[in-house]
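File shown: protein_13.pdb. Contents: PDB, C-alpha atoms.
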```
MODEL        1
ATOM      1  CA  VAL A 271      19.324  12.308  17.636
ATOM      2  CA  LEU A 272      16.150  10.291  17.244
ATOM      3  CA  PHE A 273      15.911   7.225  19.497
ATOM      4  CA  LEU A 274      13.583   4.506  18.250
ATOM      5  CA  SER A 275      13.038   1.988  21.057
ATOM      6  CA  ARG A 276      10.987  -1.211  21.088
ATOM      7  CA  THR A 277       8.431   0.233  18.693
ATOM      8  CA  THR A 278      10.945  -0.496  15.953
ATOM      9  CA  ALA A 279      11.566  -4.057  17.110
ATOM     10  CA  PHE A 280       9.555  -5.499  14.226
ATOM     11  CA  MET A 281      11.605  -3.504  11.740
ATOM     12  CA  CYS A 282      14.797  -4.847  13.329
ATOM     13  CA  VAL A 283      13.518  -8.402  13.386
ATOM     14  CA  THR A 284      12.557  -8.304   9.732
ATOM     15  CA  ARG A 285      15.982  -6.950   8.880
ATOM     16  CA  HIS A 286      17.694  -9.633  10.930
ATOM     17  CA  VAL A 287      15.555 -12.309   9.331
ATOM     18  CA  ARG A 288      16.384 -10.930   5.931
ATOM     19  CA  GLY A 289      20.052 -10.819   6.885
ATOM     20  CA  THR A 290      20.112 -14.468   7.948
ATOM     21  CA  GLY A 291      18.192 -15.562   4.916
ATOM     22  CA  ALA A 292      15.115 -16.847   6.782
ATOM     23  CA  VAL A 293      12.808 -14.702   4.686
ATOM     24  CA  VAL A 294       9.995 -16.171   2.644
ATOM     25  CA  LEU A 295      10.347 -14.888  -0.875
ATOM     26  CA  GLY A 296       7.231 -16.636  -2.157
ATOM     27  CA  SER A 297       6.577 -16.068  -5.829
ATOM     28  CA  GLY A 298       9.559 -13.727  -5.996
ATOM     29  CA  LEU A 299      12.029 -16.559  -5.351
ATOM     30  CA  TRP A 300      12.758 -17.031  -9.026
ATOM     31  CA  ILE A 301      13.603 -13.339  -9.325
ATOM     32  CA  ALA A 302      16.275 -13.571  -6.616
ATOM     33  CA  ALA A 303      17.694 -16.730  -8.172
ATOM     34  CA  ALA A 304      17.859 -15.102 -11.585
ATOM     35  CA  ILE A 305      19.512 -11.948 -10.281
ATOM     36  CA  LEU A 306      22.281 -13.963  -8.649
ATOM     37  CA  SER A 307      23.470 -14.958 -12.100
ATOM     38  CA  ILE A 308      23.206 -11.503 -13.670
ATOM     39  CA  THR A 309      26.412  -9.989 -14.924
ATOM     40  CA  PRO A 310      26.860  -6.213 -15.024
ATOM     41  CA  VAL A 311      25.448  -4.404 -18.022
ATOM     42  CA  ALA A 312      26.936  -1.385 -19.714
ATOM     43  CA  ALA A 313      26.778   1.557 -17.353
ATOM     44  CA  ALA A 314      24.184   4.193 -18.145
ATOM     45  CA  ILE A 315      25.773   6.273 -15.366
ATOM     46  CA  PRO A 316      29.007   7.486 -17.013
ATOM     47  CA  GLU A 317      30.911   7.698 -13.729
ATOM     48  CA  CYS A 318      30.032   4.073 -12.838
ATOM     49  CA  THR A 319      33.274   2.405 -13.882
ATOM     50  CA  ALA A 320      36.108   0.945 -11.839
ATOM     51  CA  ALA A 321      38.550   3.373 -13.421
ATOM     52  CA  GLN A 322      36.432   6.452 -12.687
ATOM     53  CA  LEU A 323      35.667   5.379  -9.137
ATOM     54  CA  SER A 324      39.296   4.601  -8.398
ATOM     55  CA  VAL A 325      40.117   8.175  -9.376
ATOM     56  CA  ALA A 326      37.283   9.503  -7.182
ATOM     57  CA  ALA A 327      38.325   7.348  -4.212
ATOM     58  CA  PRO A 328      40.472   8.931  -1.447
ATOM     59  CA  ALA A 329      43.930   7.621  -0.583
ATOM     60  CA  GLY A 330      42.749   5.298   2.189
ATOM     61  CA  MET A 331      40.208   3.492   0.006
ATOM     62  CA  VAL A 332      40.598   0.720  -2.567
ATOM     63  CA  ILE A 333      37.811  -0.088  -5.037
ATOM     64  CA  GLY A 334      37.467  -3.833  -5.576
ATOM     65  CA  ASP A 335      35.293  -6.918  -5.197
ATOM     66  CA  VAL A 336      34.530  -8.125  -1.663
ATOM     67  CA  PRO A 337      33.396 -11.638  -0.662
ATOM     68  CA  ASN A 338      30.796 -10.764   1.960
ATOM     69  CA  ILE A 339      27.904  -8.896   0.390
ATOM     70  CA  GLY A 340      25.035  -9.758   2.723
ATOM     71  CA  ALA A 341      22.179  -8.935   0.369
ATOM     72  CA  ARG A 342      21.501 -12.050  -1.689
ATOM     73  CA  ALA A 343      19.785 -10.448  -4.658
ATOM     74  CA  MET A 344      22.565  -8.162  -5.842
ATOM     75  CA  PRO A 345      24.320  -8.049  -9.205
ATOM     76  CA  LYS A 346      27.885  -9.336  -9.279
ATOM     77  CA  THR A 347      30.489  -6.596  -9.200
ATOM     78  CA  VAL A 348      33.459  -6.583 -11.547
ATOM     79  CA  GLY A 349      36.437  -4.759 -10.128
ATOM     80  CA  GLY A 350      34.176  -3.589  -7.313
ATOM     81  CA  VAL A 351      31.575  -1.913  -9.554
ATOM     82  CA  ALA A 352      28.175  -2.870 -10.951
ATOM     83  CA  TYR A 353      25.621  -0.688 -12.703
ATOM     84  CA  VAL A 354      22.109  -1.405 -11.400
ATOM     85  CA  PRO A 355      19.329  -0.367 -13.810
ATOM     86  CA  ALA A 356      16.108   1.048 -12.409
ATOM     87  CA  ASN A 357      13.904  -1.570 -10.714
ATOM     88  CA  LEU A 358      16.317  -4.395 -11.583
ATOM     89  CA  LEU A 359      15.718  -5.987  -8.186
ATOM     90  CA  GLY A 360      11.962  -5.494  -8.349
ATOM     91  CA  ASP A 361      11.956  -2.956  -5.540
ATOM     92  CA  GLY A 362      11.220   0.212  -7.489
ATOM     93  CA  ALA A 363      14.672   1.678  -6.907
ATOM     94  CA  PRO A 364      16.070   4.141  -9.438
ATOM     95  CA  GLU A 365      19.224   3.297 -11.343
ATOM     96  CA  TYR A 366      22.374   3.457  -9.251
ATOM     97  CA  CYS A 367      26.030   2.537  -9.187
ATOM     98  CA  PHE A 368      26.889  -0.240  -6.737
ATOM     99  CA  VAL A 369      30.451   0.015  -5.445
ATOM    100  CA  THR A 370      32.472  -2.181  -3.088
ATOM    101  CA  GLY A 371      35.988  -2.114  -1.709
ATOM    102  CA  SER A 372      38.023  -1.655   1.447
ATOM    103  CA  VAL A 373      39.068   1.205   3.704
ATOM    104  CA  VAL A 374      42.163   1.351   5.910
ATOM    105  CA  THR A 375      41.091   1.545   9.555
ATOM    106  CA  ASN A 376      44.572   1.487  11.127
ATOM    107  CA  PRO A 377      47.448   2.805   8.993
ATOM    108  CA  ALA A 378      50.006   1.412  11.451
ATOM    109  CA  THR A 379      48.870  -2.192  10.959
ATOM    110  CA  LYS A 380      47.213  -1.833   7.516
ATOM    111  CA  LYS A 381      43.966  -3.180   9.016
ATOM    112  CA  THR A 382      41.002  -2.708   6.694
ATOM    113  CA  ALA A 383      37.221  -2.903   6.681
ATOM    114  CA  ASN A 384      35.099  -3.740   3.660
ATOM    115  CA  PHE A 385      32.400  -1.358   2.493
ATOM    116  CA  GLY A 386      29.634  -1.060  -0.037
ATOM    117  CA  ALA A 387      27.924   1.976  -1.551
ATOM    118  CA  ALA A 388      24.871   2.574  -3.694
ATOM    119  CA  LEU A 389      25.274   5.855  -5.595
ATOM    120  CA  PRO A 390      22.293   7.321  -7.476
ATOM    121  CA  ALA A 391      22.888   9.047 -10.782
ATOM    122  CA  LYS A 392      24.354  12.526 -10.490
ATOM    123  CA  ALA A 393      21.140  14.158 -11.734
ATOM    124  CA  HIS A 394      19.194  12.567  -8.865
ATOM    125  CA  TRP A 395      21.672  13.173  -6.028
ATOM    126  CA  ASN A 396      20.187  15.291  -3.222
ATOM    127  CA  GLY A 397      23.530  16.697  -2.044
ATOM    128  CA  LYS A 398      23.547  14.559   1.103
ATOM    129  CA  PHE A 399      25.215  11.441   2.547
ATOM    130  CA  MET A 400      23.605   8.464   4.274
ATOM    131  CA  PHE A 401      25.182   5.601   6.192
ATOM    132  CA  GLN A 402      23.187   2.437   6.894
ATOM    133  CA  GLY A 403      24.080   0.438   9.998
ATOM    134  CA  CYS A 404      24.702  -3.293  10.197
ATOM    135  CA  GLY A 405      23.000  -5.945  12.342
ATOM    136  CA  GLY A 406      23.840  -8.854  14.618
ATOM    137  CA  ASN A 407      27.621  -9.067  14.952
ATOM    138  CA  CYS A 408      27.906  -7.803  11.374
ATOM    139  CA  GLY A 409      30.634  -9.292   9.168
ATOM    140  CA  THR A 410      28.679  -8.516   6.008
ATOM    141  CA  VAL A 411      28.305  -5.507   3.732
ATOM    142  CA  PHE A 412      24.630  -4.527   3.319
ATOM    143  CA  MET A 413      22.567  -7.139   5.157
ATOM    144  CA  GLY A 414      19.675  -6.314   2.856
ATOM    145  CA  LYS A 415      19.315  -4.577  -0.469
ATOM    146  CA  PRO A 416      20.115  -0.840  -0.396
ATOM    147  CA  SER A 417      16.918   1.009   0.509
ATOM    148  CA  ALA A 418      14.880   1.775  -2.609
ATOM    149  CA  GLY A 419      13.049   4.528  -0.727
ATOM    150  CA  LEU A 420      16.229   6.349   0.250
ATOM    151  CA  LEU A 421      17.756   5.914  -3.201
ATOM    152  CA  SER A 422      14.582   7.358  -4.717
ATOM    153  CA  LYS A 423      15.061  10.406  -2.521
ATOM    154  CA  GLY A 424      18.566  10.882  -3.886
ATOM    155  CA  TYR A 425      20.611   9.529  -0.986
ATOM    156  CA  PRO A 426      23.921   7.788  -1.643
ATOM    157  CA  LEU A 427      24.008   4.842   0.788
ATOM    158  CA  PHE A 428      27.105   3.412   2.481
ATOM    159  CA  ALA A 429      27.587   0.362   4.709
ATOM    160  CA  THR A 430      30.475  -1.593   6.234
ATOM    161  CA  ASP A 431      31.128  -5.080   7.611
ATOM    162  CA  ASP A 432      32.554  -3.578  10.835
ATOM    163  CA  GLY A 433      36.023  -4.765   9.890
ATOM    164  CA  HIS A 434      35.626  -8.555   9.794
ATOM    165  CA  LEU A 435      34.169 -11.368   7.708
ATOM    166  CA  SER A 436      31.430 -13.482   9.196
ATOM    167  CA  LYS A 437      31.498 -17.194   8.508
ATOM    168  CA  ALA A 438      29.638 -18.297   5.427
ATOM    169  CA  ALA A 439      27.096 -21.080   5.326
ATOM    170  CA  PRO A 440      27.798 -22.354   1.783
ATOM    171  CA  ALA A 441      24.780 -24.637   1.544
ATOM    172  CA  ALA A 442      22.415 -21.732   2.014
ATOM    173  CA  ARG A 443      24.700 -19.168   0.360
ATOM    174  CA  LEU A 444      24.236 -16.981   3.405
ATOM    175  CA  TRP A 445      26.385 -15.187   5.955
ATOM    176  CA  GLN A 446      26.122 -15.898   9.666
ATOM    177  CA  ASN A 447      25.870 -12.461  11.241
ATOM    178  CA  SER A 448      25.429 -13.838  14.755
ATOM    179  CA  GLU A 449      28.708 -15.761  14.997
ATOM    180  CA  SER A 450      31.750 -14.250  16.692
ATOM    181  CA  SER A 451      34.735 -16.471  15.883
ATOM    182  CA  TRP A 452      36.333 -13.448  14.204
ATOM    183  CA  ALA A 453      36.967 -11.910  17.641
ATOM    184  CA  VAL A 454      39.838 -14.304  18.379
ATOM    185  CA  SER A 455      42.960 -14.740  16.286
ATOM    186  CA  SER A 456      43.800 -18.110  17.869
ATOM    187  CA  PRO A 457      42.479 -20.126  20.840
ATOM    188  CA  GLY A 458      42.628 -17.924  23.912
ATOM    189  CA  ARG A 459      43.940 -14.879  22.046
ATOM    190  CA  ARG A 460      41.674 -11.941  21.285
ATOM    191  CA  ASP A 461      42.017 -10.222  17.910
ATOM    192  CA  ASP A 462      42.242  -6.648  19.157
ATOM    193  CA  GLU A 463      42.292  -5.163  15.657
ATOM    194  CA  ALA A 464      39.042  -6.866  14.733
ATOM    195  CA  VAL A 465      37.399  -6.065  18.068
ATOM    196  CA  ILE A 466      38.365  -2.376  17.925
ATOM    197  CA  ASP A 467      37.078  -2.126  14.364
ATOM    198  CA  PHE A 468      33.797  -3.698  15.443
ATOM    199  CA  PHE A 469      33.283  -1.467  18.458
ATOM    200  CA  TYR A 470      33.932   1.891  16.825
ATOM    201  CA  ARG A 471      36.742   2.259  14.319
ATOM    202  CA  ALA A 472      35.391   0.696  11.120
ATOM    203  CA  VAL A 473      32.230   2.788  10.869
ATOM    204  CA  HIS A 474      34.121   6.015  11.513
ATOM    205  CA  ALA A 475      36.806   5.218   8.946
ATOM    206  CA  VAL A 476      34.283   4.244   6.265
ATOM    207  CA  VAL A 477      32.225   7.366   6.980
ATOM    208  CA  LEU A 478      35.215   9.663   6.497
ATOM    209  CA  GLU A 479      36.395   7.915   3.330
ATOM    210  CA  GLY A 480      32.836   7.466   2.084
ATOM    211  CA  LYS A 481      32.190  11.184   2.270
ATOM    212  CA  GLU A 482      35.282  11.807   0.159
ATOM    213  CA  LEU A 483      34.238   9.194  -2.391
ATOM    214  CA  THR A 484      30.785  10.788  -2.555
ATOM    215  CA  LYS A 485      32.262  14.197  -3.252
ATOM    216  CA  GLY A 486      34.625  12.771  -5.847
ATOM    217  CA  PHE A 487      31.880  10.790  -7.577
ATOM    218  CA  TYR A 488      29.539  13.770  -7.806
ATOM    219  CA  GLY A 489      32.271  16.300  -8.544
ATOM    220  CA  THR A 490      31.765  18.581  -5.564
ATOM    221  CA  THR A 491      33.624  19.781  -2.480
ATOM    222  CA  HIS A 492      30.578  20.066  -0.230
ATOM    223  CA  LEU A 493      27.932  17.800   1.317
ATOM    224  CA  ASP A 494      24.754  19.475   2.540
ATOM    225  CA  ARG A 495      24.041  16.947   5.300
ATOM    226  CA  ALA A 496      25.197  13.571   6.577
ATOM    227  CA  TYR A 497      22.813  11.116   8.245
ATOM    228  CA  PHE A 498      22.988   7.708   9.921
ATOM    229  CA  GLU A 499      20.223   5.119  10.182
ATOM    230  CA  GLY A 500      20.584   1.749  11.876
ATOM    231  CA  CYS A 501      18.863  -0.839  14.026
ATOM    232  CA  SER A 502      20.184  -3.297  16.646
ATOM    233  CA  ASP A 503      23.932  -3.394  15.950
ATOM    234  CA  GLY A 504      23.250  -0.435  13.687
ATOM    235  CA  GLY A 505      21.599   1.373  16.592
ATOM    236  CA  ARG A 506      24.698   0.649  18.667
ATOM    237  CA  GLU A 507      26.916   1.969  15.861
ATOM    238  CA  GLY A 508      24.910   5.183  15.796
ATOM    239  CA  MET A 509      25.153   5.673  19.558
ATOM    240  CA  VAL A 510      28.916   5.049  19.513
ATOM    241  CA  GLU A 511      29.323   7.503  16.638
ATOM    242  CA  LEU A 512      27.420  10.115  18.636
ATOM    243  CA  ALA A 513      29.634   9.590  21.678
ATOM    244  CA  ARG A 514      33.017   9.328  19.970
ATOM    245  CA  PHE A 515      32.675  11.245  16.693
ATOM    246  CA  PRO A 516      29.809  13.733  17.081
ATOM    247  CA  THR A 517      30.769  15.681  13.952
ATOM    248  CA  ASP A 518      30.445  12.673  11.623
ATOM    249  CA  PHE A 519      26.680  13.120  11.242
ATOM    250  CA  ASP A 520      24.100  15.895  11.330
ATOM    251  CA  GLY A 521      21.401  13.431  12.383
ATOM    252  CA  ILE A 522      21.252   9.888  13.726
ATOM    253  CA  ILE A 523      18.355   7.425  13.816
ATOM    254  CA  ALA A 524      19.312   4.755  16.364
ATOM    255  CA  GLY A 525      16.780   1.929  16.602
ATOM    256  CA  ASP A 526      16.944  -0.738  19.343
ATOM    257  CA  PRO A 527      20.665  -0.257  20.066
ATOM    258  CA  TYR A 528      22.480  -3.567  20.592
ATOM    259  CA  PHE A 529      24.540  -1.728  23.191
ATOM    260  CA  ASP A 530      24.802  -3.824  26.342
ATOM    261  CA  ILE A 531      26.249  -6.805  24.506
ATOM    262  CA  GLY A 532      26.696  -8.979  27.595
ATOM    263  CA  GLY A 533      23.248  -8.028  28.826
ATOM    264  CA  GLU A 534      21.651  -8.826  25.479
ATOM    265  CA  ILE A 535      23.153 -12.309  25.579
ATOM    266  CA  ALA A 536      21.921 -12.856  29.143
ATOM    267  CA  ASN A 537      18.493 -11.501  28.213
ATOM    268  CA  SER A 538      18.117 -14.186  25.572
ATOM    269  CA  LEU A 539      18.530 -17.007  28.101
ATOM    270  CA  VAL A 540      14.971 -18.152  28.806
ATOM    271  CA  GLY A 541      13.802 -14.632  29.586
ATOM    272  CA  ILE A 542      15.727 -14.529  32.872
ATOM    273  CA  LYS A 543      15.185 -10.800  33.441
ATOM    274  CA  VAL A 544      11.428 -11.215  33.056
ATOM    275  CA  GLN A 545      11.395 -14.188  35.445
ATOM    276  CA  LEU A 546      13.181 -12.224  38.157
ATOM    277  CA  ARG A 547      10.399  -9.650  38.243
ATOM    278  CA  SER A 548       7.889 -12.284  39.325
ATOM    279  CA  ARG A 549       7.493 -13.770  42.797
ATOM    280  CA  GLN A 550       6.607 -17.001  41.028
ATOM    281  CA  ALA A 551       9.916 -16.980  39.123
ATOM    282  CA  ALA A 552      11.022 -20.405  37.938
ATOM    283  CA  LEU A 553      14.517 -19.612  39.204
ATOM    284  CA  THR A 554      15.417 -17.532  42.246
ATOM    285  CA  ARG A 555      18.366 -15.147  42.354
ATOM    286  CA  GLU A 556      20.157 -17.596  44.631
ATOM    287  CA  GLN A 557      19.658 -20.427  42.163
ATOM    288  CA  LEU A 558      20.865 -18.270  39.299
ATOM    289  CA  SER A 559      23.999 -17.466  41.279
ATOM    290  CA  GLN A 560      24.621 -21.183  41.773
ATOM    291  CA  ILE A 561      24.094 -21.832  38.054
ATOM    292  CA  ASP A 562      26.538 -19.083  37.196
ATOM    293  CA  GLN A 563      29.224 -20.625  39.393
ATOM    294  CA  ILE A 564      28.655 -24.092  37.903
ATOM    295  CA  VAL A 565      28.830 -22.776  34.335
ATOM    296  CA  MET A 566      31.989 -20.786  35.020
ATOM    297  CA  ARG A 567      33.720 -23.804  36.576
ATOM    298  CA  ALA A 568      32.745 -26.025  33.664
ATOM    299  CA  CYS A 569      33.233 -23.671  30.736
ATOM    300  CA  ASP A 570      35.357 -20.619  31.550
ATOM    301  CA  ALA A 571      38.742 -22.176  30.794
ATOM    302  CA  SER A 572      37.598 -23.885  27.584
ATOM    303  CA  ASP A 573      38.903 -21.038  25.421
ATOM    304  CA  GLY A 574      42.338 -21.150  27.038
ATOM    305  CA  VAL A 575      41.780 -18.082  29.246
ATOM    306  CA  THR A 576      40.424 -18.124  32.788
TER     307      THR A 576
ENDMDL
END
```
So that I can check it, write out the structure of this file as structure tokens.
Amino acid sequence: VLFLSRTTAFMCVTRHVRGTGAVVLGSGLWIAAAILSITPVAAAIPECTAAQLSVAAPAGMVIGDVPNIGARAMPKTVGGVAYVPANLLGDGAPEYCFVTGSVVTNPATKKTANFGAALPAKAHWNGKFMFQGCGGNCGTVFMGKPSAGLLSKGYPLFATDDGHLSKAAPAARLWQNSESSWAVSSPGRRDDEAVIDFFYRAVHAVVLEGKELTKGFYGTTHLDRAYFEGCSDGGREGMVELARFPTDFDGIIAGDPYFDIGGEIANSLVGIKVQLRSRQAALTREQLSQIDQIVMRACDASDGVT
């Protein structure tokens, strides 16, 4: 396992910015706008059809369109499939088959998680499997475009929304990866199915089914290696995979794991942890304790649960 700590913070930030849409596209803006209206072209990859992929898909997977593709500049899928010609998105990527759909995460309740996959042509496949982690609180499939560099090296790339849809911001045509309303089914009632999917179940389920789809798509019974790469929430996903399902991957790159969720939230509040290290702290520990009590009295019961 390779741990990438704060040295990868810039990489994570740029991904998060890209995921929330606050990226400056400059002269490439017209390209993104044009791509949004592109309809799929005839597949040059013979296996890149909804019918073929449905046959290749395992029993727990359904190929179909999903509403929460996070990457803005992606061709529209039809029946969950779109052929992407080489360099269509201006990123130098080779041609690939873009696939979306859902995977059952809990057979007892029929809970599902959405997924996306970018599958290079069979002649360029390197025999391996790669899963790309999400970011923020997820809720989207592929926060950014599938990595052109990894596709060029022959990796099929998979991603999931962690088992829930984030709220859309229609005016900006973006998805809000930082919101967490999905975690409750009604005021004061936690949505356990969604929370469990987010914490560990969705990634594992999509990995297992994704490996089977990969083998079916490429007509093989064997994968040489399986790797995971993620940052922030993706780093957390990788660490959880390592702890709970160590045989899912042969290697994991976990950057800046968004692991201590409560601590991360507290850390964002005016740099409190940094202040406490200084004798000239703006707020003392005693004052912070008083603030905590005041906030709990005022706000704790507002969601219907004390």
Find the nearest atom pair between each residue of stretch 394-476 of chain A and stretch 489-506 of chain A for residues within 7 Å, count only C-alpha atoms, give distances in Å to one decimal, sort rows by chain and ascending number, and present the table as a tab-separated table.
```
residue	atom	partner	partner_atom	distance
A:Gly397	CA	A:Asp494	CA	5.5
A:Lys398	CA	A:Arg495	CA	4.9
A:Phe399	CA	A:Ala496	CA	4.6
A:Met400	CA	A:Tyr497	CA	4.8
A:Phe401	CA	A:Phe498	CA	4.8
A:Gln402	CA	A:Glu499	CA	5.2
A:Gly403	CA	A:Gly504	CA	3.9
A:Cys404	CA	A:Gly504	CA	4.7
A:Gly405	CA	A:Asp503	CA	4.5
A:Gly406	CA	A:Asp503	CA	5.6
A:Asn407	CA	A:Asp503	CA	6.8
```
Quick one: write out the picked residues with C-alpha atoms as a PDB file, in the frame of the given file?
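out-v2.pdb, written as the output of this step:
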```
ATOM      1  CA  GLY A 397      23.530  16.697  -2.044  1.00  0.00           C
ATOM      2  CA  LYS A 398      23.547  14.559   1.103  1.00  0.00           C
ATOM      3  CA  PHE A 399      25.215  11.441   2.547  1.00  0.00           C
ATOM      4  CA  MET A 400      23.605   8.464   4.274  1.00  0.00           C
ATOM      5  CA  PHE A 401      25.182   5.601   6.192  1.00  0.00           C
ATOM      6  CA  GLN A 402      23.187   2.437   6.894  1.00  0.00           C
ATOM      7  CA  GLY A 403      24.080   0.438   9.998  1.00  0.00           C
ATOM      8  CA  CYS A 404      24.702  -3.293  10.197  1.00  0.00           C
ATOM      9  CA  GLY A 405      23.000  -5.945  12.342  1.00  0.00           C
ATOM     10  CA  GLY A 406      23.840  -8.854  14.618  1.00  0.00           C
ATOM     11  CA  ASN A 407      27.621  -9.067  14.952  1.00  0.00           C
TER      12      ASN A 407
END
```
Test item: the PyMOL selection byres ((chain A and resi 376) around 12) resolved as a PyMOL selection string:
chain A and resi 330+373-375+377-383+433+462-464+466-467+471-472+474-476
Given all atoms listed in the file as the counted atoms, nearest of A:Gly349, A:Val477, A:Pro364, A:Met344 to A:Phe519:
A:Val477
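In this structure, atom CA of A:Ala314 sits 16.6 Å away from atom CA of A:Lys346.
Nearest residue to A:Lys481 among A:Asp526, A:Val411, A:Pro426, A:Lys437 is A:Pro426, counting only C-alpha atoms.
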